[in-house]
$ cat work-v8.cif   # mmCIF, C-alpha atoms and all ligand atoms
data_final
#
loop_
_atom_site.label_atom_id
_atom_site.label_comp_id
_atom_site.auth_asym_id
_atom_site.auth_seq_id
_atom_site.Cartn_x
_atom_site.Cartn_y
_atom_site.Cartn_z
CA MET F 1440 0.00 0.00 0.00
CA GLN F 1441 0.95 3.68 -0.18
CA ALA F 1442 1.63 5.41 3.12
CA LEU F 1443 3.04 8.70 4.37
CA THR F 1444 6.33 7.95 6.13
CA TRP F 1445 8.55 10.07 8.33
CA GLN F 1446 12.15 10.23 7.12
CA GLY F 1447 13.73 13.01 9.15
CA ARG F 1448 13.16 16.55 10.31
CA ARG F 1449 10.77 18.24 7.86
CA ASP F 1450 11.12 15.24 5.55
CA VAL F 1451 8.05 13.06 5.00
CA ARG F 1452 7.48 10.92 1.89
CA VAL F 1453 4.78 8.75 0.41
CA GLN F 1454 6.18 5.27 -0.07
CA GLN F 1455 5.14 1.74 -0.87
CA VAL F 1456 5.05 -0.27 2.40
CA PRO F 1457 3.73 -3.76 3.22
CA ASP F 1458 -0.05 -4.05 3.66
CA PRO F 1459 -1.09 -4.42 7.30
CA VAL F 1460 -2.52 -7.81 8.27
CA ILE F 1461 -4.76 -9.15 11.03
CA GLN F 1462 -2.48 -10.12 13.94
CA GLU F 1463 -4.96 -10.71 16.77
CA PRO F 1464 -8.43 -12.29 16.48
CA THR F 1465 -10.05 -8.97 17.44
CA ASP F 1466 -8.12 -6.84 14.89
CA ILE F 1467 -9.69 -5.22 11.88
CA VAL F 1468 -8.06 -3.73 8.78
CA VAL F 1469 -9.64 -0.52 7.53
CA GLU F 1470 -9.46 0.87 4.01
CA ILE F 1471 -8.94 4.58 4.62
CA THR F 1472 -11.15 7.04 2.72
CA SER F 1473 -10.31 10.26 4.64
CA THR F 1474 -7.52 11.05 7.08
CA GLY F 1475 -6.68 14.37 8.75
CA LEU F 1476 -3.44 16.27 9.18
CA CYS F 1477 -3.14 17.58 12.74
CA GLY F 1478 -1.12 20.19 14.65
CA SER F 1479 0.21 17.19 16.60
CA ASP F 1480 1.75 15.87 13.37
CA LEU F 1481 3.67 19.13 13.13
CA HIS F 1482 5.42 18.33 16.44
CA LEU F 1483 6.61 15.08 14.78
CA TYR F 1484 7.66 16.98 11.70
CA GLU F 1485 9.98 19.17 13.74
CA VAL F 1486 10.51 18.89 17.50
CA LEU F 1487 9.80 15.24 18.37
CA ALA F 1488 12.10 13.87 15.66
CA PRO F 1489 14.35 12.08 18.19
CA PHE F 1490 11.49 9.69 19.00
CA LEU F 1491 10.81 8.59 15.42
CA GLU F 1492 12.48 6.11 13.07
CA PRO F 1493 12.77 6.70 9.34
CA GLY F 1494 9.91 4.77 7.74
CA ASP F 1495 7.39 5.29 10.57
CA VAL F 1496 3.90 5.76 9.13
CA LEU F 1497 2.22 8.89 10.52
CA GLY F 1498 -1.41 9.91 10.97
CA HIS F 1499 -4.02 9.50 13.69
CA GLU F 1500 -7.26 10.95 12.30
CA PRO F 1501 -8.57 8.26 9.92
CA MET F 1502 -11.89 6.89 8.79
CA GLY F 1503 -12.89 4.41 6.13
CA ARG F 1504 -14.47 1.01 5.58
CA VAL F 1505 -13.75 -2.28 7.27
CA ARG F 1506 -11.94 -4.40 4.72
CA GLU F 1507 -11.21 -7.41 6.88
CA ALA F 1508 -12.24 -8.42 10.40
CA GLY F 1509 -10.56 -10.96 12.70
CA PRO F 1510 -12.54 -14.11 13.69
CA GLU F 1511 -13.56 -12.71 17.11
CA VAL F 1512 -14.88 -9.37 15.84
CA THR F 1513 -18.65 -9.11 16.20
CA ALA F 1514 -19.25 -5.35 16.61
CA VAL F 1515 -18.40 -4.41 13.03
CA ALA F 1516 -18.35 -6.32 9.75
CA GLU F 1517 -16.70 -6.07 6.38
CA GLY F 1518 -17.93 -2.99 4.53
CA ASP F 1519 -18.99 -1.03 7.64
CA ARG F 1520 -18.13 2.66 7.70
CA VAL F 1521 -15.98 3.47 10.75
CA VAL F 1522 -14.05 6.33 12.35
CA ILE F 1523 -10.94 5.38 14.31
CA PRO F 1524 -10.12 7.28 17.55
CA PHE F 1525 -6.50 8.40 17.84
CA ASN F 1526 -6.08 6.61 21.22
CA VAL F 1527 -5.37 2.91 20.93
CA SER F 1528 -7.62 2.00 23.86
CA CYS F 1529 -9.01 -1.40 24.79
CA GLY F 1530 -12.34 -0.16 26.14
CA THR F 1531 -12.46 -2.72 28.94
CA CYS F 1532 -9.62 -2.03 31.44
CA HIS F 1533 -9.94 -0.03 34.67
CA MET F 1534 -8.90 3.28 33.04
CA CYS F 1535 -11.10 2.83 29.96
CA ARG F 1536 -14.09 1.99 32.15
CA ALA F 1537 -13.41 5.22 34.05
CA GLY F 1538 -13.53 7.14 30.76
CA LEU F 1539 -9.77 7.75 30.78
CA TYR F 1540 -9.13 6.16 27.40
CA SER F 1541 -5.84 8.00 26.86
CA GLN F 1542 -4.53 6.20 29.94
CA CYS F 1543 -5.62 2.69 28.83
CA GLU F 1544 -3.78 0.16 31.01
CA THR F 1545 -3.73 -2.45 28.26
CA THR F 1546 -1.70 -0.25 25.90
CA GLN F 1547 0.34 2.00 28.24
CA VAL F 1548 3.95 2.23 27.09
CA HIS F 1549 5.90 0.99 30.11
CA LYS F 1550 9.29 1.44 28.49
CA TYR F 1551 8.83 5.21 28.48
CA GLY F 1552 6.40 5.46 31.39
CA THR F 1553 3.77 6.99 29.12
CA GLY F 1554 0.01 6.57 28.67
CA ALA F 1555 -1.96 4.67 26.06
CA CYS F 1556 -0.55 3.98 22.60
CA LEU F 1557 -1.54 6.41 19.88
CA PHE F 1558 -1.70 5.72 16.16
CA GLY F 1559 1.25 7.15 14.25
CA TYR F 1560 2.84 8.90 17.21
CA THR F 1561 6.46 8.10 18.09
CA LYS F 1562 8.10 5.48 20.27
CA LEU F 1563 6.81 7.33 23.34
CA TYR F 1564 3.35 6.16 22.28
CA GLY F 1565 4.04 2.67 21.01
CA GLN F 1566 5.30 3.31 17.47
CA MET F 1567 1.98 2.08 16.03
CA PRO F 1568 1.72 2.53 12.25
CA GLY F 1569 -0.57 5.49 11.55
CA GLY F 1570 -3.56 6.28 9.41
CA GLN F 1571 -2.17 8.53 6.67
CA ALA F 1572 -2.12 5.45 4.52
CA GLU F 1573 -4.34 3.39 2.26
CA LEU F 1574 -4.87 0.74 4.96
CA LEU F 1575 -4.70 0.66 8.75
CA ARG F 1576 -4.62 -2.21 11.20
CA VAL F 1577 -6.85 -1.40 14.18
CA PRO F 1578 -6.76 -3.48 17.37
CA PHE F 1579 -9.79 -3.93 19.66
CA GLY F 1580 -12.24 -4.21 16.76
CA ASN F 1581 -15.16 -4.77 19.15
CA THR F 1582 -14.63 -1.64 21.24
CA LEU F 1583 -12.46 0.93 19.43
CA PRO F 1584 -13.98 1.73 15.99
CA ILE F 1585 -16.90 4.15 15.92
CA LYS F 1586 -19.50 2.86 13.49
CA VAL F 1587 -21.14 5.75 11.60
CA PRO F 1588 -24.12 6.03 9.22
CA GLU F 1589 -23.75 5.64 5.44
CA GLU F 1590 -24.63 9.31 4.82
CA PRO F 1591 -23.57 12.15 4.62
CA PRO F 1592 -19.97 12.37 3.21
CA ASP F 1593 -16.87 11.70 5.34
CA ASP F 1594 -16.20 15.17 6.74
CA ARG F 1595 -19.36 14.99 8.86
CA PHE F 1596 -17.82 12.19 10.96
CA LEU F 1597 -14.08 12.34 10.31
CA PHE F 1598 -13.37 14.83 13.09
CA LEU F 1599 -14.70 12.37 15.69
CA SER F 1600 -11.23 10.81 15.44
CA ASP F 1601 -9.57 13.76 17.20
CA VAL F 1602 -10.64 17.40 16.66
CA LEU F 1603 -14.17 17.11 18.05
CA PRO F 1604 -13.47 15.06 21.20
CA THR F 1605 -10.25 17.00 21.88
CA ALA F 1606 -12.08 20.31 21.67
CA TRP F 1607 -15.05 18.93 23.61
CA GLN F 1608 -12.77 17.76 26.43
CA ALA F 1609 -10.94 21.11 26.43
CA VAL F 1610 -14.24 22.96 26.92
CA GLU F 1611 -15.44 20.43 29.50
CA TYR F 1612 -12.18 20.74 31.47
CA ALA F 1613 -12.31 24.55 31.18
CA ASP F 1614 -15.36 24.37 33.43
CA VAL F 1615 -16.72 27.81 32.52
CA PRO F 1616 -19.22 28.92 35.18
CA GLU F 1617 -22.79 29.96 34.27
CA GLY F 1618 -22.62 33.34 32.51
CA GLY F 1619 -18.82 33.19 32.54
CA SER F 1620 -16.11 33.98 30.01
CA LEU F 1621 -13.68 31.85 28.03
CA LEU F 1622 -10.41 32.78 26.32
CA VAL F 1623 -9.01 30.36 23.73
CA LEU F 1624 -5.33 30.67 22.82
CA GLY F 1625 -4.62 29.42 19.30
CA LEU F 1626 -7.13 29.20 16.45
CA GLY F 1627 -5.84 26.12 14.68
CA PRO F 1628 -8.41 23.36 14.16
CA ILE F 1629 -8.48 22.55 17.88
CA GLY F 1630 -8.79 26.09 19.21
CA GLU F 1631 -11.34 27.08 16.62
CA MET F 1632 -13.47 24.00 17.30
CA CYS F 1633 -13.29 24.88 21.02
CA THR F 1634 -14.82 28.28 20.25
CA ARG F 1635 -17.61 26.65 18.20
CA ILE F 1636 -18.40 24.12 20.92
CA ALA F 1637 -18.29 26.77 23.64
CA LYS F 1638 -20.76 28.99 21.75
CA LEU F 1639 -23.05 26.04 21.06
CA ARG F 1640 -22.98 25.16 24.74
CA GLY F 1641 -24.22 28.64 25.63
CA ILE F 1642 -21.02 30.43 26.63
CA ASP F 1643 -21.59 33.98 25.38
CA ARG F 1644 -18.28 35.67 26.01
CA VAL F 1645 -15.78 33.70 23.92
CA MET F 1646 -12.47 35.39 23.09
CA ALA F 1647 -9.48 34.05 21.19
CA VAL F 1648 -5.89 34.91 20.27
CA ASP F 1649 -3.90 33.89 17.18
CA LEU F 1650 -1.58 35.55 14.68
CA VAL F 1651 -2.77 34.15 11.34
CA PRO F 1652 -5.21 36.58 9.66
CA GLU F 1653 -7.51 33.99 8.05
CA ARG F 1654 -7.75 32.00 11.28
CA LEU F 1655 -8.71 35.14 13.21
CA GLU F 1656 -11.23 36.06 10.53
CA ARG F 1657 -12.87 32.62 10.46
CA ALA F 1658 -13.49 32.76 14.21
CA ARG F 1659 -14.59 36.39 14.12
CA LEU F 1660 -17.25 35.54 11.55
CA ARG F 1661 -18.76 33.09 14.04
CA GLY F 1662 -19.03 35.68 16.79
CA VAL F 1663 -15.72 35.23 18.64
CA HIS F 1664 -13.92 38.34 19.96
CA VAL F 1665 -10.50 37.86 18.41
CA PHE F 1666 -7.15 39.41 19.30
CA ASP F 1667 -4.12 39.47 17.04
CA LEU F 1668 -0.95 38.24 18.74
CA ARG F 1669 1.07 40.51 16.47
CA GLY F 1670 -0.40 43.57 18.20
CA LYS F 1671 1.02 44.99 21.46
CA GLU F 1672 0.76 42.58 24.39
CA THR F 1673 -0.23 45.35 26.82
CA SER F 1674 -3.17 46.48 24.70
CA ARG F 1675 -4.32 42.88 24.15
CA ARG F 1676 -4.13 42.27 27.87
CA ASP F 1677 -6.03 45.50 28.65
CA ALA F 1678 -8.74 44.68 26.13
CA ILE F 1679 -9.27 41.19 27.58
CA LEU F 1680 -9.39 42.57 31.12
CA ALA F 1681 -11.89 45.23 30.01
CA MET F 1682 -14.15 42.48 28.66
CA THR F 1683 -13.96 40.51 31.92
CA ASP F 1684 -14.72 43.13 34.58
CA GLY F 1685 -11.01 43.70 35.15
CA ARG F 1686 -10.52 40.19 36.57
CA GLY F 1687 -9.49 38.15 33.53
CA PRO F 1688 -11.40 35.29 31.89
CA ASP F 1689 -12.95 32.64 34.14
CA SER F 1690 -11.33 29.98 31.97
CA VAL F 1691 -8.53 29.83 29.44
CA ILE F 1692 -7.92 27.03 26.92
CA ASP F 1693 -4.36 26.68 25.63
CA ALA F 1694 -4.74 25.16 22.15
CA VAL F 1695 -1.19 26.06 21.12
CA GLY F 1696 1.28 23.80 22.90
CA MET F 1697 5.01 23.29 22.75
CA GLU F 1698 5.77 25.27 19.60
CA ALA F 1699 4.23 28.60 20.62
CA HIS F 1700 5.21 31.71 18.77
CA GLY F 1701 7.05 34.23 20.94
CA ALA F 1702 9.41 31.99 22.95
CA PRO F 1703 12.81 32.60 21.29
CA ALA F 1704 15.07 31.01 23.92
CA ALA F 1705 13.15 27.72 23.96
CA LYS F 1706 12.96 27.73 20.18
CA LEU F 1707 16.76 27.89 20.10
CA ALA F 1708 16.99 24.99 22.57
CA GLN F 1709 14.63 22.93 20.38
CA GLN F 1710 16.74 23.73 17.34
CA MET F 1711 19.96 22.79 19.13
CA ALA F 1712 18.48 19.48 20.24
CA GLY F 1713 17.69 18.96 16.56
CA LEU F 1714 21.39 19.11 15.75
CA LEU F 1715 22.36 16.41 18.26
CA PRO F 1716 22.51 12.74 17.32
CA ARG F 1717 19.08 11.18 17.79
CA ASP F 1718 19.78 9.24 21.00
CA ALA F 1719 21.46 12.20 22.69
CA ALA F 1720 18.61 14.49 21.68
CA ALA F 1721 16.03 12.01 23.00
CA LYS F 1722 17.84 11.81 26.37
CA LEU F 1723 18.13 15.58 26.58
CA MET F 1724 14.43 16.03 25.80
CA GLN F 1725 13.45 13.46 28.43
CA ARG F 1726 15.40 15.37 31.08
CA ALA F 1727 15.22 19.02 30.14
CA GLY F 1728 12.62 21.75 29.83
CA MET F 1729 12.14 21.95 26.09
CA ASP F 1730 8.80 23.64 25.55
CA ARG F 1731 8.07 27.04 24.10
CA LEU F 1732 5.83 28.29 26.90
CA ALA F 1733 4.59 31.67 25.62
CA ALA F 1734 0.94 30.61 25.39
CA LEU F 1735 0.83 28.82 28.74
CA LEU F 1736 2.58 31.72 30.51
CA PHE F 1737 0.04 34.14 29.04
CA ALA F 1738 -2.78 31.85 30.22
CA ILE F 1739 -1.36 31.88 33.76
CA ASP F 1740 -1.03 35.65 33.67
CA ILE F 1741 -4.49 36.47 32.28
CA VAL F 1742 -6.83 33.89 33.89
CA ARG F 1743 -8.81 35.33 36.80
CA ARG F 1744 -7.92 34.35 40.35
CA GLY F 1745 -9.44 30.97 41.12
CA GLY F 1746 -10.03 30.36 37.40
CA THR F 1747 -9.29 27.29 35.31
CA ILE F 1748 -6.71 26.66 32.62
CA SER F 1749 -7.45 23.76 30.28
CA LEU F 1750 -4.47 22.56 28.24
CA SER F 1751 -5.08 20.69 25.04
CA GLY F 1752 -1.91 21.89 23.33
CA VAL F 1753 0.72 19.17 23.67
CA TYR F 1754 3.77 19.74 25.90
CA GLY F 1755 6.79 17.48 26.20
CA GLY F 1756 9.51 18.94 28.41
CA MET F 1757 10.34 17.29 31.74
CA THR F 1758 11.59 20.30 33.69
CA ASP F 1759 9.87 23.31 32.19
CA PRO F 1760 10.26 26.38 34.39
CA LEU F 1761 6.78 27.45 35.57
CA PRO F 1762 5.80 30.37 37.82
CA MET F 1763 4.68 28.28 40.80
CA LEU F 1764 4.28 31.37 42.96
CA THR F 1765 1.67 32.81 40.59
CA LEU F 1766 -0.04 29.46 40.02
CA PHE F 1767 -0.36 28.93 43.75
CA ASP F 1768 -1.13 32.50 44.73
CA LYS F 1769 -3.85 32.91 42.10
CA GLN F 1770 -5.32 29.55 43.07
CA ILE F 1771 -5.34 28.41 39.46
CA GLN F 1772 -6.88 25.08 38.50
CA LEU F 1773 -4.96 23.32 35.79
CA ARG F 1774 -6.45 20.44 33.78
CA MET F 1775 -4.91 18.76 30.77
CA GLY F 1776 -4.14 15.64 28.80
CA GLN F 1777 -4.59 13.79 25.56
CA ALA F 1778 -8.26 13.59 24.72
CA ASN F 1779 -10.15 10.51 25.89
CA VAL F 1780 -11.76 10.19 22.49
CA ARG F 1781 -14.28 7.41 23.18
CA ARG F 1782 -15.44 9.20 26.36
CA TRP F 1783 -17.10 12.05 24.41
CA VAL F 1784 -18.49 10.31 21.32
CA GLU F 1785 -21.99 9.87 22.70
CA ASP F 1786 -22.17 13.55 23.65
CA ILE F 1787 -21.03 14.70 20.23
CA MET F 1788 -22.85 12.26 17.94
CA PRO F 1789 -26.31 13.92 18.20
CA LEU F 1790 -24.74 17.18 16.98
CA LEU F 1791 -23.58 15.38 13.83
CA ALA F 1792 -26.79 13.51 13.19
CA ASP F 1793 -29.09 16.46 13.70
CA GLY F 1794 -28.06 19.04 11.07
CA ASP F 1795 -24.57 20.38 11.44
CA PRO F 1796 -24.58 23.10 14.11
CA LEU F 1797 -20.78 22.93 14.52
CA GLY F 1798 -20.20 23.40 10.80
CA VAL F 1799 -17.99 20.33 10.42
CA ASP F 1800 -19.02 19.85 6.78
CA GLY F 1801 -17.18 23.02 5.77
CA PHE F 1802 -14.45 22.79 8.39
CA ALA F 1803 -11.62 21.45 6.21
CA THR F 1804 -9.96 24.02 3.98
CA HIS F 1805 -8.14 21.47 1.78
CA HIS F 1806 -8.87 17.97 0.46
CA LEU F 1807 -5.84 16.42 -1.20
CA PRO F 1808 -4.71 13.03 -2.48
CA LEU F 1809 -2.26 11.28 -0.16
CA GLY F 1810 0.45 11.73 -2.79
CA GLN F 1811 0.48 15.45 -2.00
CA ALA F 1812 1.05 14.92 1.72
CA PRO F 1813 4.69 16.12 1.71
CA GLU F 1814 3.68 19.49 0.21
CA ALA F 1815 0.68 19.62 2.55
CA TYR F 1816 2.86 19.21 5.67
CA ALA F 1817 5.03 22.12 4.54
CA MET F 1818 1.99 24.24 3.67
CA PHE F 1819 0.30 23.53 7.03
CA GLN F 1820 3.47 24.25 9.01
CA GLU F 1821 4.06 27.53 7.19
CA LYS F 1822 0.31 28.35 7.36
CA LYS F 1823 0.28 29.10 3.63
CA ASP F 1824 -2.60 29.08 1.11
CA GLY F 1825 -5.18 29.53 3.86
CA ALA F 1826 -4.50 26.02 5.17
CA ILE F 1827 -6.37 25.54 8.43
CA LYS F 1828 -7.45 21.89 8.23
CA ILE F 1829 -6.14 19.50 5.60
CA VAL F 1830 -7.80 16.17 4.84
CA PHE F 1831 -6.18 13.52 2.64
CA ASN F 1832 -8.28 11.16 0.57
CA PRO F 1833 -6.06 8.13 -0.09
N1 LIG P 1 -4.76 16.97 23.82
C1 LIG P 1 -5.00 16.31 22.71
O1 LIG P 1 -5.54 15.20 22.73
C2 LIG P 1 -4.68 16.93 21.41
C3 LIG P 1 -5.28 16.49 20.23
C4 LIG P 1 -5.02 17.17 19.04
C5 LIG P 1 -4.15 18.24 19.02
N2 LIG P 1 -3.54 18.61 20.17
C6 LIG P 1 -2.61 19.74 20.24
O2 LIG P 1 -3.36 20.94 20.17
C7 LIG P 1 -2.53 21.97 19.63
C8 LIG P 1 -3.26 22.64 18.47
O3 LIG P 1 -3.49 21.72 17.41
P1 LIG P 1 -4.01 22.25 16.01
O4 LIG P 1 -4.29 21.06 15.13
O5 LIG P 1 -5.09 23.25 16.21
O6 LIG P 1 -2.64 22.92 15.47
P2 LIG P 1 -2.15 24.28 14.84
O7 LIG P 1 -0.68 24.20 14.85
O8 LIG P 1 -2.83 24.53 13.53
O9 LIG P 1 -2.68 25.40 15.85
C9 LIG P 1 -1.88 26.16 16.71
C10 LIG P 1 -2.29 27.63 16.56
O10 LIG P 1 -1.68 28.39 17.59
C11 LIG P 1 -1.29 29.66 17.06
N3 LIG P 1 -0.28 30.22 17.96
C12 LIG P 1 1.07 30.01 17.99
N4 LIG P 1 1.63 30.65 19.02
C13 LIG P 1 0.62 31.28 19.67
C14 LIG P 1 0.58 32.10 20.83
N5 LIG P 1 1.69 32.38 21.53
N6 LIG P 1 -0.63 32.59 21.23
C15 LIG P 1 -1.76 32.28 20.54
N7 LIG P 1 -1.77 31.52 19.43
C16 LIG P 1 -0.60 31.03 19.00
C17 LIG P 1 -0.83 29.29 15.67
O11 LIG P 1 -0.83 30.43 14.81
C18 LIG P 1 -1.85 28.24 15.24
O12 LIG P 1 -2.95 28.81 14.57
C19 LIG P 1 -1.22 21.29 19.23
O13 LIG P 1 -0.28 21.44 20.26
C20 LIG P 1 -1.62 19.85 19.11
O14 LIG P 1 -0.53 18.97 19.30
C21 LIG P 1 -3.80 17.99 21.35
ZN ZN P 2 -4.79 15.03 15.71
ZN ZN P 3 -8.09 0.12 28.28
#
$ encode --input "work-v8.cif" --output "structure tokens"
Amino acid sequence: MQALTWQGRRDVRVQQVPDPVIQEPTDIVVEITSTGLCGSDLHLYEVLAPFLEPGDVLGHEPMGRVREAGPEVTAVAEGDRVVIPFNVSCGTCHMCRAGLYSQCETTQVHKYGTGACLFGYTKLYGQMPGGQAELLRVPFGNTLPIKVPEEPPDDRFLFLSDVLPTAWQAVEYADVPEGGSLLVLGLGPIGEMCTRIAKLRGIDRVMAVDLVPERLERARLRGVHVFDLRGKETSRRDAILAMTDGRGPDSVIDAVGMEAHGAPAAKLAQQMAGLLPRDAAAKLMQRAGMDRLAALLFAIDIVRRGGTISLSGVYGGMTDPLPMLTLFDKQIQLRMGQANVRRWVEDIMPLLADGDPLGVDGFATHHLPLGQAPEAYAMFQEKKDGAIKIVFNP
């Protein structure tokens, strides 16, 4: 089959690789019809390179049709249309039963002390072949795939694999009080979907910060008060305080993560790690503070006293310097983690069946054949050609 493989920093290629096969009696193999490109893939493209091997197949936002099912699979059958969550979660262990699918005890990666395996996401998360490919092997065929209706076209359901549950969890964790305010940092697919979900859930005062004009504009058109990061920080800060009775937002979602704009020293450290041999860089990253913290530090500064910060942006440093005095003194509540995809599917599904109030049908800005994935990664990283969400159709 054809698959998008990682080869090195900013070097991904579509190659011929062996077809996946059923390995366990509960596996299925899915023929992929649509598969998303995510901000998390950009971390692999650049910063997390030490944890990848050339040839690793990337991608964790796939959907398609069941092509083959193992002998013990009863929940889905050949030909069924399915979306695959990005967590590789068993659905039956203690953590899964508690709704903490990203901490699945059956697939935790003990070698690195990390949580559940993820499709297409480094050795830290099990080095499972990903879904930017023509075919994908999916374990736990009775509990993991999300079976979806035959109509309408893929984009209605595709974002159940990651964007929708990630944004849903971010808003849930943000815990905005009745009549309260929410600030979303970052208007990539995750941040923007957070603003849509927040509005739909009745949060009136939704503000957001980004620095890409078309991303700001898209959110503004849906009633979000947007602030341009390229403007003066003091005036942005003053404007947000003015909108929140001088106290700051009740809740802040960080949908930016480890590669935030405006953190030059950490950017240099990330680049220097990139020059080290892979093993040395991996060791350094597992011990050092490697994240660009501009967005998180702004969240800590601007959230009101006693407010909540919800992190969906991915961080990876082990000793990041954080202002503990401020965190403690302001009594900030901090909630975070990889999305527990399966946990939120039942909440989200009615919004996809009943019209399209979140506007998922028009959410993707680009649909491309898998063969154009290398150009698409570069375009998405450089935020060119209005690329906000790219979907490949293998
Ligand atoms: N927790 C999870 O389960 C989960 C799932 C998916 C994605 N993510 C993470 O969420 C984050 C966003 O993903 P995405 O697909 O939307 O990616 P993205 O890269 O398109 O979005 C990031 C946005 O942040 C903006 N930005 C950069 N620095 C900023 C700053 N200092 N202040 C405000 N905005 C800033 C960028 O312009 C960009 O629009 C990534 O870190 C990704 O890894 C987490
Ligand atoms: Zn993703
Ligand atoms: Zn489990």
$ residues_near_ligand --input "work-v8.cif" --ligand "ligand ZN 2 (chain P)" --cutoff "10 Å" --atoms "all atoms listed in the file" --output "short mmCIF file (atom, residue, chain, number, x, y, z; two decimals) with C-alpha atoms, in the frame of the given file"
data_model
loop_
_atom_site.label_atom_id
_atom_site.label_comp_id
_atom_site.auth_asym_id
_atom_site.auth_seq_id
_atom_site.Cartn_x
_atom_site.Cartn_y
_atom_site.Cartn_z
CA THR F 1474 -7.52 11.05 7.08
CA GLY F 1475 -6.68 14.37 8.75
CA LEU F 1476 -3.44 16.27 9.18
CA CYS F 1477 -3.14 17.58 12.74
CA GLY F 1478 -1.12 20.19 14.65
CA SER F 1479 0.21 17.19 16.60
CA ASP F 1480 1.75 15.87 13.37
CA LEU F 1481 3.67 19.13 13.13
CA GLY F 1498 -1.41 9.91 10.97
CA HIS F 1499 -4.02 9.50 13.69
CA GLU F 1500 -7.26 10.95 12.30
CA PRO F 1501 -8.57 8.26 9.92
CA PRO F 1524 -10.12 7.28 17.55
CA PHE F 1525 -6.50 8.40 17.84
CA PHE F 1558 -1.70 5.72 16.16
CA TYR F 1560 2.84 8.90 17.21
CA PHE F 1598 -13.37 14.83 13.09
CA SER F 1600 -11.23 10.81 15.44
CA ASP F 1601 -9.57 13.76 17.20
CA VAL F 1602 -10.64 17.40 16.66
CA LEU F 1603 -14.17 17.11 18.05
CA THR F 1605 -10.25 17.00 21.88
CA PRO F 1628 -8.41 23.36 14.16
CA ILE F 1629 -8.48 22.55 17.88
CA GLN F 1777 -4.59 13.79 25.56
CA ALA F 1778 -8.26 13.59 24.72
#
$ residues_around --input "work-v8.cif" --residues "Asn1779 in chain F" --least-positions-apart "3" --cutoff "6 Å" --atoms "only C-alpha atoms" --output "PyMOL selection string"
chain F and resi 1539-1541+1782
$ residues_around --input "work-v8.cif" --residues "Gly1580 in chain F" --least-positions-apart "5" --cutoff "7 Å" --atoms "only C-alpha atoms" --output "PyMOL selection string"
chain F and resi 1465-1467+1512
$ closest_residue --input "work-v8.cif" --among "F:Asp1684, F:Asp1450, F:Glu1631, F:Asp1795" --to "Ala1815 in chain F" --atoms "only C-alpha atoms"
F:Asp1450
$ residues_near_ligand --input "work-v8.cif" --ligand "ligand LIG 1 (chain P)" --cutoff "7 Å" --atoms "all atoms listed in the file" --output "PyMOL selection string"
chain F and resi 1477-1479+1481-1482+1601-1602+1605+1624-1630+1648-1651+1654+1668+1694-1701+1733-1734+1751-1753+1776-1778+1827
$ closest_atom_pairs --input "work-v8.cif" --of "chain F" --to "ligand ZN 3 (chain P)" --cutoff "8 Å" --atoms "all atoms listed in the file" --output "Markdown table"
| residue | atom | partner | partner_atom | distance |
| --- | --- | --- | --- | --- |
| F:Ser1528 | CA | P:ZN3 | ZN | 4.8 |
| F:Cys1529 | CA | P:ZN3 | ZN | 3.9 |
| F:Gly1530 | CA | P:ZN3 | ZN | 4.8 |
| F:Thr1531 | CA | P:ZN3 | ZN | 5.3 |
| F:Cys1532 | CA | P:ZN3 | ZN | 4.1 |
| F:His1533 | CA | P:ZN3 | ZN | 6.7 |
| F:Met1534 | CA | P:ZN3 | ZN | 5.8 |
| F:Cys1535 | CA | P:ZN3 | ZN | 4.4 |
| F:Arg1536 | CA | P:ZN3 | ZN | 7.4 |
| F:Tyr1540 | CA | P:ZN3 | ZN | 6.2 |
| F:Gln1542 | CA | P:ZN3 | ZN | 7.2 |
| F:Cys1543 | CA | P:ZN3 | ZN | 3.6 |
| F:Glu1544 | CA | P:ZN3 | ZN | 5.1 |
| F:Thr1545 | CA | P:ZN3 | ZN | 5.1 |
| F:Thr1546 | CA | P:ZN3 | ZN | 6.8 |
| F:Ala1555 | CA | P:ZN3 | ZN | 8.0 |
$ write_last_selection --input "work-v8.cif" --atoms "C-alpha atoms" --output "PDB file, in the coordinates of the input"
ATOM      1  CA  SER F1528      -7.620   2.000  23.860  1.00  0.00           C
ATOM      2  CA  CYS F1529      -9.010  -1.400  24.790  1.00  0.00           C
ATOM      3  CA  GLY F1530     -12.340  -0.160  26.140  1.00  0.00           C
ATOM      4  CA  THR F1531     -12.460  -2.720  28.940  1.00  0.00           C
ATOM      5  CA  CYS F1532      -9.620  -2.030  31.440  1.00  0.00           C
ATOM      6  CA  HIS F1533      -9.940  -0.030  34.670  1.00  0.00           C
ATOM      7  CA  MET F1534      -8.900   3.280  33.040  1.00  0.00           C
ATOM      8  CA  CYS F1535     -11.100   2.830  29.960  1.00  0.00           C
ATOM      9  CA  ARG F1536     -14.090   1.990  32.150  1.00  0.00           C
ATOM     10  CA  TYR F1540      -9.130   6.160  27.400  1.00  0.00           C
ATOM     11  CA  GLN F1542      -4.530   6.200  29.940  1.00  0.00           C
ATOM     12  CA  CYS F1543      -5.620   2.690  28.830  1.00  0.00           C
ATOM     13  CA  GLU F1544      -3.780   0.160  31.010  1.00  0.00           C
ATOM     14  CA  THR F1545      -3.730  -2.450  28.260  1.00  0.00           C
ATOM     15  CA  THR F1546      -1.700  -0.250  25.900  1.00  0.00           C
ATOM     16  CA  ALA F1555      -1.960   4.670  26.060  1.00  0.00           C
TER      17      ALA F1555
END
$ closest_residue --input "work-v8.cif" --among "F:Val1527, F:Val1830, F:Ala1442, F:Met1682" --to "Asp1800 in chain F" --atoms "all atoms listed in the file"
F:Val1830
